[in-house]
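Have a look at the structure below, then the notes.
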Amino acid sequence: MSADITPFPARRAPTQVGFDRAELMRILDLYGRMVAAGHWKDYAIDLGRDAAVFAAFRRTAERPEFRVEKRPALRNRQGMWALVNESGAVLKRGHELGPVLAPVERRLMKLVED
(Lines give C-alpha, C1' and ligand atoms only; values in the text may rest on other atoms or scores of the structure.)
Protein backbone atom coordinates (compact mmCIF):
# COMPACT_ATOMS: atom_id res chain seq x y z
CA MET A 1 0.00 0.00 0.00
CA SER A 2 1.42 3.34 -0.95
CA ALA A 3 0.31 6.56 0.68
CA ASP A 4 0.21 9.76 -1.25
CA ILE A 5 1.69 12.64 0.71
CA THR A 6 0.48 16.08 -0.22
CA PRO A 7 2.67 18.89 1.13
CA PHE A 8 1.10 21.99 2.64
CA PRO A 9 1.40 25.02 0.41
CA ALA A 10 4.23 27.34 1.40
CA ARG A 11 3.14 30.36 3.44
CA ARG A 12 3.83 33.55 1.60
CA ALA A 13 4.39 36.89 3.21
CA PRO A 14 1.31 39.09 2.90
CA THR A 15 1.46 41.47 -0.05
CA GLN A 16 0.03 44.27 2.08
CA VAL A 17 0.15 45.17 5.77
CA GLY A 18 -3.15 46.33 7.27
CA PHE A 19 -4.87 47.11 10.54
CA ASP A 20 -7.23 44.57 12.04
CA ARG A 21 -10.65 45.70 13.22
CA ALA A 22 -9.71 46.18 16.91
CA GLU A 23 -6.59 48.19 16.03
CA LEU A 24 -8.45 50.43 13.61
CA MET A 25 -11.31 50.98 16.07
CA ARG A 26 -8.82 52.03 18.78
CA ILE A 27 -7.10 54.48 16.42
CA LEU A 28 -10.37 55.89 15.02
CA ASP A 29 -11.75 56.32 18.55
CA LEU A 30 -8.78 58.51 19.44
CA TYR A 31 -9.12 60.35 16.13
CA GLY A 32 -12.82 61.04 16.79
CA ARG A 33 -12.08 62.42 20.25
CA MET A 34 -9.35 64.70 18.80
CA VAL A 35 -11.81 65.92 16.13
CA ALA A 36 -14.42 66.61 18.82
CA ALA A 37 -11.81 68.62 20.74
CA GLY A 38 -11.26 70.67 17.56
CA HIS A 39 -7.65 69.65 17.09
CA TRP A 40 -7.61 67.29 14.10
CA LYS A 41 -9.44 67.85 10.83
CA ASP A 42 -8.44 65.03 8.48
CA TYR A 43 -6.73 61.66 8.29
CA ALA A 44 -5.14 59.34 5.75
CA ILE A 45 -4.42 55.62 5.74
CA ASP A 46 -1.55 54.11 3.74
CA LEU A 47 -1.41 50.32 3.46
CA GLY A 48 1.93 49.28 1.99
CA ARG A 49 4.08 46.18 1.68
CA ASP A 50 6.20 46.95 4.78
CA ALA A 51 3.92 49.09 6.92
CA ALA A 52 0.39 50.30 7.56
CA VAL A 53 0.27 54.00 8.47
CA PHE A 54 -2.55 56.10 9.95
CA ALA A 55 -1.77 59.83 9.63
CA ALA A 56 -3.73 62.56 11.46
CA PHE A 57 -3.74 66.14 10.18
CA ARG A 58 -4.55 69.48 11.81
CA ARG A 59 -5.26 70.88 8.35
CA THR A 60 -5.57 68.97 5.10
CA ALA A 61 -2.73 70.72 3.26
CA GLU A 62 -0.05 70.11 5.92
CA ARG A 63 2.19 67.28 6.92
CA PRO A 64 0.50 64.95 9.41
CA GLU A 65 0.84 65.97 13.06
CA PHE A 66 1.12 62.32 14.10
CA ARG A 67 1.54 59.02 12.29
CA VAL A 68 0.76 55.64 13.85
CA GLU A 69 2.84 53.03 12.06
CA LYS A 70 2.49 49.26 12.18
CA ARG A 71 5.60 47.43 10.94
CA PRO A 72 5.27 43.66 11.51
CA ALA A 73 8.92 43.09 10.52
CA LEU A 74 9.94 44.84 13.78
CA ARG A 75 7.65 42.65 15.95
CA ASN A 76 10.53 40.71 17.52
CA ARG A 77 12.82 43.71 17.96
CA GLN A 78 11.66 47.01 19.45
CA GLY A 79 7.99 46.44 18.65
CA MET A 80 5.87 46.79 15.55
CA TRP A 81 4.01 49.95 16.66
CA ALA A 82 5.47 53.45 16.43
CA LEU A 83 4.15 56.96 17.03
CA VAL A 84 5.92 59.45 14.76
CA ASN A 85 5.63 63.23 15.04
CA GLU A 86 5.41 65.87 12.32
CA SER A 87 9.18 66.14 11.88
CA GLY A 88 9.62 62.37 11.56
CA ALA A 89 10.98 61.66 15.05
CA VAL A 90 9.75 58.50 16.73
CA LEU A 91 8.01 59.56 19.96
CA LYS A 92 7.09 56.10 21.21
CA ARG A 93 7.68 52.55 20.05
CA GLY A 94 6.27 49.36 21.47
CA HIS A 95 4.79 45.90 21.13
CA GLU A 96 1.21 47.00 21.93
CA LEU A 97 -0.92 49.80 20.47
CA GLY A 98 -2.34 51.24 23.73
CA PRO A 99 0.93 52.42 25.30
CA VAL A 100 2.10 53.81 21.93
CA LEU A 101 -1.04 56.00 21.71
CA ALA A 102 -0.69 57.18 25.34
CA PRO A 103 1.22 60.44 24.56
CA VAL A 104 -1.59 61.56 22.22
CA GLU A 105 -4.25 60.60 24.77
CA ARG A 106 -2.44 62.63 27.46
CA ARG A 107 -2.37 65.56 25.06
CA LEU A 108 -6.11 65.13 24.53
CA MET A 109 -6.66 65.41 28.29
CA LYS A 110 -4.77 68.72 28.28
CA LEU A 111 -6.88 69.99 25.36
CA VAL A 112 -10.11 69.12 27.16
CA GLU A 113 -8.97 70.75 30.42
CA ASP A 114 -8.15 74.08 28.71
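Please note that chains go A, B, ... in the order of the C-alpha coordinates, that every chain numbers its residues from 1, and that ligands are numbered from 1 in the order shown.
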Distance query stretch 29-39 of chain A at most 10 Å, only C-alpha atoms, self and fewer than 3 positions along chain excluded, as a ChimeraX atom specification: /A:23-26,42-43,54-59,101,104-105,107-109,111-112
Chain A: residues DSSP assigns to strand (DSSP E or B), reported as a PyMOL selection string: chain A and resi 42-47+52-57+66-70+81-85+90-94
Filtered DSSP result for stretch 13-99 of chain A, state helix (DSSP H, G or I), as a PyMOL selection string: chain A and resi 21-36+72-74+97-99
Exercise: stretch 63-68 of chain A partners within 10 Å, only C-alpha atoms, chain neighbours under 6 positions left out, as a PyMOL selection string: chain A and resi 27+40+42-45+52-57+81-93+97+100-101+104
Include N, CA and C atoms and write out the residues we just selected as a PDB file, in the first residue's frame.
```
ATOM      1  N   ILE A  27      -7.678  53.280  17.043  1.00  0.00           N
ATOM      2  CA  ILE A  27      -7.096  54.476  16.419  1.00  0.00           C
ATOM      3  C   ILE A  27      -8.197  55.470  16.038  1.00  0.00           C
ATOM      4  N   TRP A  40      -7.905  67.923  15.379  1.00  0.00           N
ATOM      5  CA  TRP A  40      -7.608  67.285  14.102  1.00  0.00           C
ATOM      6  C   TRP A  40      -8.766  67.495  13.146  1.00  0.00           C
ATOM      7  N   ASP A  42      -8.458  65.993   9.577  1.00  0.00           N
ATOM      8  CA  ASP A  42      -8.441  65.031   8.479  1.00  0.00           C
ATOM      9  C   ASP A  42      -7.507  63.883   8.834  1.00  0.00           C
ATOM     10  N   TYR A  43      -7.641  62.777   8.108  1.00  0.00           N
ATOM     11  CA  TYR A  43      -6.733  61.656   8.289  1.00  0.00           C
ATOM     12  C   TYR A  43      -6.494  60.962   6.960  1.00  0.00           C
ATOM     13  N   ALA A  44      -5.455  60.136   6.929  1.00  0.00           N
ATOM     14  CA  ALA A  44      -5.141  59.335   5.754  1.00  0.00           C
ATOM     15  C   ALA A  44      -4.632  57.983   6.220  1.00  0.00           C
ATOM     16  N   ILE A  45      -4.904  56.961   5.443  1.00  0.00           N
ATOM     17  CA  ILE A  45      -4.416  55.620   5.736  1.00  0.00           C
ATOM     18  C   ILE A  45      -3.625  55.143   4.528  1.00  0.00           C
ATOM     19  N   ALA A  52       1.708  49.661   7.636  1.00  0.00           N
ATOM     20  CA  ALA A  52       0.393  50.304   7.558  1.00  0.00           C
ATOM     21  C   ALA A  52       0.514  51.582   8.379  1.00  0.00           C
ATOM     22  N   VAL A  53       0.088  52.702   7.817  1.00  0.00           N
ATOM     23  CA  VAL A  53       0.266  53.997   8.468  1.00  0.00           C
ATOM     24  C   VAL A  53      -1.073  54.722   8.544  1.00  0.00           C
ATOM     25  N   PHE A  54      -1.394  55.228   9.741  1.00  0.00           N
ATOM     26  CA  PHE A  54      -2.547  56.101   9.950  1.00  0.00           C
ATOM     27  C   PHE A  54      -1.976  57.476  10.260  1.00  0.00           C
ATOM     28  N   ALA A  55      -2.288  58.474   9.445  1.00  0.00           N
ATOM     29  CA  ALA A  55      -1.771  59.828   9.629  1.00  0.00           C
ATOM     30  C   ALA A  55      -2.924  60.768   9.984  1.00  0.00           C
ATOM     31  N   ALA A  56      -2.709  61.597  11.016  1.00  0.00           N
ATOM     32  CA  ALA A  56      -3.729  62.556  11.459  1.00  0.00           C
ATOM     33  C   ALA A  56      -3.230  63.975  11.188  1.00  0.00           C
ATOM     34  N   PHE A  57      -4.107  64.799  10.613  1.00  0.00           N
ATOM     35  CA  PHE A  57      -3.743  66.144  10.183  1.00  0.00           C
ATOM     36  C   PHE A  57      -4.518  67.208  10.963  1.00  0.00           C
ATOM     37  N   TRP A  81       4.773  48.696  16.645  1.00  0.00           N
ATOM     38  CA  TRP A  81       4.014  49.953  16.665  1.00  0.00           C
ATOM     39  C   TRP A  81       4.941  51.126  16.908  1.00  0.00           C
ATOM     40  N   ALA A  82       4.692  52.231  16.219  1.00  0.00           N
ATOM     41  CA  ALA A  82       5.473  53.447  16.431  1.00  0.00           C
ATOM     42  C   ALA A  82       4.567  54.670  16.283  1.00  0.00           C
ATOM     43  N   LEU A  83       4.812  55.661  17.130  1.00  0.00           N
ATOM     44  CA  LEU A  83       4.146  56.959  17.033  1.00  0.00           C
ATOM     45  C   LEU A  83       5.195  57.944  16.558  1.00  0.00           C
ATOM     46  N   VAL A  84       4.946  58.566  15.400  1.00  0.00           N
ATOM     47  CA  VAL A  84       5.920  59.446  14.757  1.00  0.00           C
ATOM     48  C   VAL A  84       5.335  60.849  14.701  1.00  0.00           C
ATOM     49  N   ASN A  85       6.140  61.861  15.057  1.00  0.00           N
ATOM     50  CA  ASN A  85       5.626  63.231  15.042  1.00  0.00           C
ATOM     51  C   ASN A  85       5.792  63.872  13.664  1.00  0.00           C
ATOM     52  N   GLU A  86       5.428  65.144  13.585  1.00  0.00           N
ATOM     53  CA  GLU A  86       5.414  65.871  12.316  1.00  0.00           C
ATOM     54  C   GLU A  86       6.781  65.940  11.650  1.00  0.00           C
ATOM     55  N   SER A  87       7.838  66.039  12.450  1.00  0.00           N
ATOM     56  CA  SER A  87       9.182  66.145  11.885  1.00  0.00           C
ATOM     57  C   SER A  87       9.805  64.789  11.577  1.00  0.00           C
ATOM     58  N   GLY A  88       9.109  63.693  11.880  1.00  0.00           N
ATOM     59  CA  GLY A  88       9.621  62.369  11.563  1.00  0.00           C
ATOM     60  C   GLY A  88      10.309  61.665  12.716  1.00  0.00           C
ATOM     61  N   ALA A  89      10.350  62.287  13.888  1.00  0.00           N
ATOM     62  CA  ALA A  89      10.978  61.663  15.052  1.00  0.00           C
ATOM     63  C   ALA A  89      10.025  60.655  15.682  1.00  0.00           C
ATOM     64  N   VAL A  90      10.554  59.518  16.077  1.00  0.00           N
ATOM     65  CA  VAL A  90       9.747  58.498  16.735  1.00  0.00           C
ATOM     66  C   VAL A  90       9.562  58.903  18.192  1.00  0.00           C
ATOM     67  N   LEU A  91       8.311  59.159  18.588  1.00  0.00           N
ATOM     68  CA  LEU A  91       8.007  59.558  19.959  1.00  0.00           C
ATOM     69  C   LEU A  91       7.888  58.366  20.883  1.00  0.00           C
ATOM     70  N   LYS A  92       7.325  57.279  20.380  1.00  0.00           N
ATOM     71  CA  LYS A  92       7.091  56.101  21.213  1.00  0.00           C
ATOM     72  C   LYS A  92       7.078  54.887  20.305  1.00  0.00           C
ATOM     73  N   ARG A  93       7.669  53.809  20.794  1.00  0.00           N
ATOM     74  CA  ARG A  93       7.679  52.554  20.050  1.00  0.00           C
ATOM     75  C   ARG A  93       7.336  51.441  21.028  1.00  0.00           C
ATOM     76  N   LEU A  97      -0.415  48.522  20.989  1.00  0.00           N
ATOM     77  CA  LEU A  97      -0.922  49.798  20.474  1.00  0.00           C
ATOM     78  C   LEU A  97      -1.258  50.798  21.583  1.00  0.00           C
ATOM     79  N   VAL A 100       1.540  52.955  22.986  1.00  0.00           N
ATOM     80  CA  VAL A 100       2.098  53.811  21.934  1.00  0.00           C
ATOM     81  C   VAL A 100       1.207  55.030  21.711  1.00  0.00           C
ATOM     82  N   LEU A 101      -0.114  54.874  21.879  1.00  0.00           N
ATOM     83  CA  LEU A 101      -1.042  55.998  21.708  1.00  0.00           C
ATOM     84  C   LEU A 101      -1.134  56.885  22.951  1.00  0.00           C
ATOM     85  N   VAL A 104      -0.525  60.790  22.882  1.00  0.00           N
ATOM     86  CA  VAL A 104      -1.586  61.560  22.218  1.00  0.00           C
ATOM     87  C   VAL A 104      -2.798  61.657  23.141  1.00  0.00           C
TER      88      VAL A 104
END
```
Residue contacts of A:Ala51 (9 Å, only C-alpha atoms) excluding same-chain residues fewer than 3 positions away, as a list in words: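 Counting only C-alpha atoms, the residues come to Gln16, Val17, Gly18, Asp46, Leu47, Gly48, Glu69, Lys70, Arg71, Pro72 and Ala73 of chain A.
Counting from atom CA of A:Pro103, the distance to atom CA of A:Gly79 is 16.6 Å.
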Minimum-distance residue to A:Asp50, chosen among A:Asp20, A:Glu96, A:Thr15, A:Asp4 (using only C-alpha atoms):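 Looking at the shortest contact to A:Asp50, the residue is A:Thr15.
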